[in-house]
Amino acid sequence: MRTSTPVSAAAARRIALAAQGFLDPRPAGRVDARHIKRVVNRVGYLQLDALNVLCRMHYATLFGRLGPYPRRLLDRLAWGDGRQRALFEYWGNAATLLPVSMHPLFRWRMKRAAEQEWSGSARVAQLPAGYLREVLAVVAERGPISAGEIGTQGRRPGGGGMFNWSHAKVALEWLFITGQVSIAARPHFTRMYDLTERVLPPEVLAMPTPTEEDAQRELIRLAAKALGIATAADLRHHWFLPASESKVLVASLVEAGELLPVRVEGWRGPAYVWHQARIPRRVHVRTLLSPFDPVLGGQVRCPRLFQFDHHIEFYKPKDKRVYGYFVLPFLLGDRPVGRVDLRADRTGSALVVQAAHAEPGVDEAEVAAELAVELRHLADWLGLDRIVVTGRGSLGSALVGS
C-alpha cells in the first residue's frame, strides 16, 4: 500500500486552482480559438446554461480565465460548420460542451442509454409505436430541426414548466443521449438536432471506440488532471461515473503511480493528487466565477476545498434566497471572498449589482476595490456602459464608494 503524503488545506487550494488554469495570466492581446480550446481541454467541460440574466454562464467560465474575448468564437467552435467545430454537446455530467476528441469516451454512456438505462426511459416507452423511427426519419430529411418544428403533440396544456416536453422533444432527447443525433446549432439557445454524422467531423466519428473500462479509466485521468487534487468521489462526480466501476479504476491508477495518495488537512478520508499536478507556492487570482464553474466542484467539494458554502439560489423560492437570484462568487487570492448578485440591464446599458456580500474575516475595503476593477472588465466585455450598485449586502456600501 502506498504511503499518504500530508498536504495543507492552503496547498490543496493552490493545486486545484493551478490545475484549472488560474495560474496562467490572461492573454495580453487578441484572444483566438486556440486560447478557448486550451481552456476547455484544461477544465474538462463547459456546463451549458439557459438563463441569460447576466450572460449565459458557459461564456462566463471562459471569461474567468481569459478575460474579455469574442463570444462568437465559442459559438463557432461549438456550433459552427464542418471543421470549425472543436466542441460538441453531450451529458458530460450535466449538459456540457466537450472537446470533440472526447466523443469516443462517452459512447459507452450512449450505449447504456440505448439499453433503457436513461432517466427518461419511461417517457420513451409511452411514445406511440414507431414514433422514434419516424422522428429520426424527419431529422434525416429536414435536419437541422428543432423539436417545435416537428410538433407539440404530447405537451400538457397550461404550461407545466421546462420539462413539459412534447412527444417530439422526448424522442429527440432519447436520440441525442443515445448518440444518433447531435446538436448542430443553437439559435436563441434552441436546440437544433441533426444526424450525428452530419454534425461531427468525419475523423472524430472514425476514432475507435474504447471498452467501457478503458473509457472510464481515461475519464478519471482527465478528471484528475482537471481537478489536480481530489477524493475518489470528486473524480467520479466530475463525469457522473458509476460508483462501483470508479472505485476499482481509481485503485488501478494509484497502483500505476498516476494518482498519488495524500492526506489533506481538514478533509475526511483519503485524497489523491495527479502525478503531474503543479504545486505552486502562491496563487493570486481576481475574477468572478460562473456558478457552474468546474473549479467550484459542486456542493460537497466546494466547502471542503475553499471553506465556501456555494448554493445556486435561482432554483429557490424568492423568500428562501440568502444572497440573491443570480450570484457569482468573487475569487481573490486563492479563495472566494464574496458573492455578487448581478444582472445585465440591456435596455439601460447597465451592469446592475443587486447585492454584494463579503465572506467573514475579509478586508471589505480591499475586496470592494478589487471587485470594482473586475466589474468594470465584465461590463466592458458585455458592452454595458454603466455599473449601478444598489448598496445592498455587507459589501454594498464599500462598493458604492470604490
# chains A, B, ... in the order shown; residues from 1 in each chain; ligands from 1
call {"tool": "residues_around", "arguments": {"residues": "A:Ile145", "least_positions_apart": "6", "cutoff": "12 Å", "atoms": "only C-alpha atoms", "output": "ChimeraX atom specification"}}
result
/A:135-139,151,168-169,172,181-187,190-195
call {"tool": "write_last_selection", "arguments": {"atoms": "all heavy atoms", "output": "compact mmCIF listing (two decimals), in the first residue's frame"}}
result
# COMPACT_ATOMS: atom_id res chain seq x y z
N VAL A 135 -39.41 10.06 -36.15
CA VAL A 135 -38.69 11.30 -35.83
C VAL A 135 -37.29 11.26 -36.41
O VAL A 135 -36.80 12.25 -36.97
CB VAL A 135 -38.65 11.53 -34.31
CG1 VAL A 135 -37.69 12.66 -33.95
CG2 VAL A 135 -40.05 11.86 -33.80
N LEU A 136 -36.62 10.11 -36.31
CA LEU A 136 -35.27 10.00 -36.88
C LEU A 136 -35.31 10.21 -38.39
O LEU A 136 -34.42 10.85 -38.97
CB LEU A 136 -34.67 8.64 -36.55
CG LEU A 136 -33.20 8.42 -36.95
CD1 LEU A 136 -32.30 9.46 -36.27
CD2 LEU A 136 -32.75 7.02 -36.58
N ALA A 137 -36.36 9.71 -39.04
CA ALA A 137 -36.50 9.92 -40.49
C ALA A 137 -36.72 11.39 -40.82
O ALA A 137 -36.19 11.89 -41.82
CB ALA A 137 -37.66 9.07 -41.02
N VAL A 138 -37.48 12.09 -39.99
CA VAL A 138 -37.69 13.53 -40.20
C VAL A 138 -36.38 14.29 -40.06
O VAL A 138 -36.06 15.18 -40.86
CB VAL A 138 -38.75 14.07 -39.21
CG1 VAL A 138 -38.81 15.60 -39.26
CG2 VAL A 138 -40.11 13.49 -39.52
N VAL A 139 -35.59 13.94 -39.04
CA VAL A 139 -34.30 14.59 -38.86
C VAL A 139 -33.40 14.33 -40.07
O VAL A 139 -32.73 15.24 -40.57
CB VAL A 139 -33.61 14.10 -37.56
CG1 VAL A 139 -32.20 14.67 -37.46
CG2 VAL A 139 -34.43 14.51 -36.35
N GLY A 151 -43.39 19.14 -33.94
CA GLY A 151 -44.76 19.15 -33.41
C GLY A 151 -44.80 19.31 -31.91
O GLY A 151 -43.79 19.15 -31.22
N ALA A 168 -42.22 14.85 -29.57
CA ALA A 168 -41.04 15.08 -30.42
C ALA A 168 -39.81 15.38 -29.58
O ALA A 168 -38.71 14.88 -29.86
CB ALA A 168 -41.32 16.24 -31.39
N LYS A 169 -39.99 16.18 -28.52
CA LYS A 169 -38.86 16.52 -27.66
C LYS A 169 -38.35 15.27 -26.93
O LYS A 169 -37.13 15.05 -26.83
CB LYS A 169 -39.28 17.59 -26.65
CG LYS A 169 -38.18 18.02 -25.66
CD LYS A 169 -37.03 18.72 -26.35
CE LYS A 169 -36.05 19.28 -25.33
NZ LYS A 169 -34.86 19.89 -25.98
N LEU A 172 -36.45 13.19 -29.53
CA LEU A 172 -35.18 13.80 -29.93
C LEU A 172 -34.14 13.71 -28.82
O LEU A 172 -32.96 13.47 -29.08
CB LEU A 172 -35.41 15.26 -30.33
CG LEU A 172 -36.08 15.47 -31.68
CD1 LEU A 172 -36.54 16.92 -31.82
CD2 LEU A 172 -35.14 15.10 -32.84
N VAL A 181 -28.43 11.37 -32.87
CA VAL A 181 -28.45 12.76 -33.35
C VAL A 181 -27.58 13.59 -32.42
O VAL A 181 -27.28 13.19 -31.30
CB VAL A 181 -29.89 13.34 -33.41
CG1 VAL A 181 -30.80 12.47 -34.26
CG2 VAL A 181 -30.47 13.52 -32.01
N SER A 182 -27.15 14.73 -32.92
CA SER A 182 -26.35 15.67 -32.13
C SER A 182 -26.90 17.07 -32.32
O SER A 182 -27.78 17.30 -33.16
CB SER A 182 -24.88 15.60 -32.56
OG SER A 182 -24.32 14.34 -32.24
N ILE A 183 -26.38 18.00 -31.54
CA ILE A 183 -26.85 19.38 -31.61
C ILE A 183 -26.01 20.12 -32.64
O ILE A 183 -24.81 20.29 -32.48
CB ILE A 183 -26.77 20.07 -30.24
CG1 ILE A 183 -27.43 19.20 -29.17
CG2 ILE A 183 -27.40 21.45 -30.31
CD1 ILE A 183 -28.87 18.82 -29.47
N ALA A 184 -26.68 20.56 -33.71
CA ALA A 184 -25.99 21.19 -34.83
C ALA A 184 -25.89 22.70 -34.67
O ALA A 184 -24.94 23.32 -35.17
CB ALA A 184 -26.71 20.86 -36.13
N ALA A 185 -26.86 23.30 -33.99
CA ALA A 185 -26.88 24.76 -33.87
C ALA A 185 -27.69 25.12 -32.64
O ALA A 185 -28.42 24.29 -32.08
CB ALA A 185 -27.47 25.40 -35.12
N ARG A 186 -27.58 26.42 -32.24
CA ARG A 186 -28.28 26.91 -31.04
C ARG A 186 -28.82 28.32 -31.27
O ARG A 186 -28.51 29.24 -30.52
CB ARG A 186 -27.30 26.94 -29.86
CG ARG A 186 -27.13 25.62 -29.14
CD ARG A 186 -28.28 25.37 -28.19
NE ARG A 186 -27.97 24.35 -27.20
CZ ARG A 186 -28.75 24.08 -26.16
NH1 ARG A 186 -29.87 24.76 -25.99
NH2 ARG A 186 -28.43 23.15 -25.30
N PRO A 187 -29.66 28.56 -32.27
CA PRO A 187 -30.21 29.91 -32.44
C PRO A 187 -31.11 30.26 -31.25
O PRO A 187 -32.02 29.51 -30.92
CB PRO A 187 -31.01 29.81 -33.74
CG PRO A 187 -31.34 28.36 -33.87
CD PRO A 187 -30.18 27.62 -33.26
N THR A 190 -32.00 27.58 -28.75
CA THR A 190 -32.88 26.47 -29.08
C THR A 190 -32.08 25.35 -29.70
O THR A 190 -31.30 25.57 -30.64
CB THR A 190 -33.97 26.93 -30.07
OG1 THR A 190 -34.76 27.95 -29.46
CG2 THR A 190 -34.87 25.77 -30.47
N ARG A 191 -32.25 24.15 -29.21
CA ARG A 191 -31.51 23.02 -29.75
C ARG A 191 -32.02 22.66 -31.15
O ARG A 191 -33.20 22.41 -31.35
CB ARG A 191 -31.66 21.79 -28.84
CG ARG A 191 -30.71 21.77 -27.66
CD ARG A 191 -30.89 20.52 -26.83
NE ARG A 191 -29.74 20.32 -25.95
CZ ARG A 191 -29.66 19.36 -25.04
NH1 ARG A 191 -30.65 18.51 -24.89
NH2 ARG A 191 -28.58 19.24 -24.28
N MET A 192 -31.08 22.61 -32.09
CA MET A 192 -31.36 22.17 -33.45
C MET A 192 -30.66 20.83 -33.65
O MET A 192 -29.44 20.73 -33.55
CB MET A 192 -30.86 23.19 -34.47
CG MET A 192 -31.44 24.58 -34.27
SD MET A 192 -33.24 24.66 -34.54
CE MET A 192 -33.32 24.42 -36.31
N TYR A 193 -31.44 19.80 -33.92
CA TYR A 193 -30.94 18.43 -33.97
C TYR A 193 -30.65 18.02 -35.42
O TYR A 193 -31.38 18.37 -36.34
CB TYR A 193 -31.96 17.46 -33.38
CG TYR A 193 -32.38 17.75 -31.97
CD1 TYR A 193 -33.37 18.70 -31.69
CD2 TYR A 193 -31.83 17.06 -30.89
CE1 TYR A 193 -33.77 18.96 -30.39
CE2 TYR A 193 -32.23 17.31 -29.59
CZ TYR A 193 -33.21 18.27 -29.35
OH TYR A 193 -33.61 18.52 -28.06
N ASP A 194 -29.58 17.25 -35.58
CA ASP A 194 -29.26 16.69 -36.89
C ASP A 194 -28.58 15.34 -36.67
O ASP A 194 -28.15 15.01 -35.56
CB ASP A 194 -28.37 17.63 -37.69
CG ASP A 194 -28.49 17.40 -39.20
OD1 ASP A 194 -29.13 16.41 -39.61
OD2 ASP A 194 -27.94 18.22 -39.97
N LEU A 195 -28.48 14.57 -37.74
CA LEU A 195 -27.78 13.29 -37.64
C LEU A 195 -26.34 13.53 -37.20
O LEU A 195 -25.67 14.44 -37.68
CB LEU A 195 -27.80 12.57 -38.98
CG LEU A 195 -29.17 12.19 -39.54
CD1 LEU A 195 -29.00 11.51 -40.90
CD2 LEU A 195 -29.95 11.30 -38.58
call {"tool": "residues_around", "arguments": {"residues": "A:Glu265", "least_positions_apart": "6", "cutoff": "8 Å", "atoms": "only C-alpha atoms", "output": "compact mmCIF listing (two decimals) with all heavy atoms, in the first residue's frame"}}
result
# COMPACT_ATOMS: atom_id res chain seq x y z
N PRO A 6 1.08 14.13 3.64
CA PRO A 6 0.22 15.20 4.15
C PRO A 6 0.28 16.44 3.25
O PRO A 6 1.34 16.80 2.73
CB PRO A 6 0.82 15.50 5.53
CG PRO A 6 2.23 15.03 5.45
CD PRO A 6 2.26 13.89 4.50
N VAL A 7 -0.87 17.08 3.06
CA VAL A 7 -0.99 18.30 2.25
C VAL A 7 -1.82 19.30 3.05
O VAL A 7 -2.89 18.94 3.57
CB VAL A 7 -1.66 18.01 0.89
CG1 VAL A 7 -1.91 19.31 0.13
CG2 VAL A 7 -0.80 17.07 0.06
N SER A 8 -1.38 20.54 3.16
CA SER A 8 -2.15 21.56 3.88
C SER A 8 -3.37 21.96 3.08
O SER A 8 -3.42 21.79 1.85
CB SER A 8 -1.28 22.79 4.14
OG SER A 8 -1.02 23.49 2.93
N ALA A 9 -4.36 22.52 3.76
CA ALA A 9 -5.57 22.98 3.09
C ALA A 9 -5.24 24.08 2.07
O ALA A 9 -5.81 24.12 0.98
CB ALA A 9 -6.57 23.50 4.12
call {"tool": "closest_residue", "arguments": {"among": "A:Pro68, A:Pro242, A:Pro128, A:Pro270", "to": "A:Thr5", "atoms": "only C-alpha atoms"}}
result
A:Pro270
call {"tool": "residues_around", "arguments": {"residues": "stretch 383-386 of chain A", "least_positions_apart": "6", "cutoff": "8 Å", "atoms": "only C-alpha atoms", "output": "list in words"}}
result
Ala344, Arg346, Ser349, Ala350 and Leu351 of chain A
call {"tool": "write_last_selection", "arguments": {"atoms": "all heavy atoms", "output": "compact mmCIF listing (two decimals), in the first residue's frame"}}
result
# COMPACT_ATOMS: atom_id res chain seq x y z
N ALA A 344 -27.72 42.03 -16.03
CA ALA A 344 -27.44 42.93 -17.15
C ALA A 344 -28.73 43.62 -17.57
O ALA A 344 -29.67 42.96 -18.02
CB ALA A 344 -26.84 42.16 -18.32
N ARG A 346 -29.92 45.42 -20.25
CA ARG A 346 -29.50 45.72 -21.62
C ARG A 346 -30.19 46.95 -22.18
O ARG A 346 -29.60 47.70 -22.96
CB ARG A 346 -29.72 44.49 -22.50
CG ARG A 346 -28.84 43.31 -22.04
CD ARG A 346 -29.13 42.02 -22.78
NE ARG A 346 -28.25 40.96 -22.28
CZ ARG A 346 -28.53 40.19 -21.24
NH1 ARG A 346 -29.66 40.35 -20.58
NH2 ARG A 346 -27.67 39.25 -20.85
N SER A 349 -28.34 49.73 -20.65
CA SER A 349 -26.89 49.54 -20.83
C SER A 349 -26.14 49.63 -19.50
O SER A 349 -25.16 50.35 -19.37
CB SER A 349 -26.31 50.57 -21.82
OG SER A 349 -25.00 50.21 -22.19
N ALA A 350 -26.63 48.84 -18.51
CA ALA A 350 -26.04 48.90 -17.17
C ALA A 350 -25.81 47.50 -16.62
O ALA A 350 -26.64 46.60 -16.81
CB ALA A 350 -26.94 49.68 -16.23
N LEU A 351 -24.69 47.34 -15.96
CA LEU A 351 -24.42 46.16 -15.13
C LEU A 351 -24.92 46.49 -13.74
O LEU A 351 -24.37 47.38 -13.08
CB LEU A 351 -22.93 45.84 -15.13
CG LEU A 351 -22.50 44.67 -14.23
CD1 LEU A 351 -23.13 43.36 -14.67
CD2 LEU A 351 -20.98 44.55 -14.21
call {"tool": "residues_around", "arguments": {"residues": "A:Glu370", "least_positions_apart": "4", "cutoff": "10 Å", "atoms": "only C-alpha atoms", "output": "number ranges by chain"}}
result
A: 286-287, 330, 332, 364-366, 374-375, 399, 402
call {"tool": "residues_around", "arguments": {"residues": "A:Ala355", "least_positions_apart": "4", "cutoff": "6 Å", "atoms": "only C-alpha atoms", "output": "list in words"}}
result
Val340, Asp341, Arg392 and Gly393 of chain A
call {"tool": "closest_residue", "arguments": {"among": "A:Arg38, A:Arg30, A:Arg335, A:His311", "to": "A:His284", "atoms": "only C-alpha atoms"}}
result
A:Arg335
call {"tool": "select_by_dssp", "arguments": {"residues": "stretch 112-327 of chain A", "states": "strand (DSSP E)", "output": "ChimeraX atom specification"}}
result
/A:181-185,192-195,229-230,259-264,271-274,285-288,327
call {"tool": "atom_distance", "arguments": {"atom1": "atom CA of A:Gly361", "atom2": "atom CA of A:Tyr323"}}
result
17.5 Å
call {"tool": "residues_around", "arguments": {"residues": "A:Ala223", "least_positions_apart": "3", "cutoff": "10 Å", "atoms": "only C-alpha atoms", "output": "list in words"}}
result
Arg42, Val43, Gly44, Arg217, Glu218, Leu219, Ile220, Ala226, Leu227, Gly228, Ile229, Ala230, Asp234, Leu235, Arg236, His237, His238, Trp239 and Trp274 of chain A
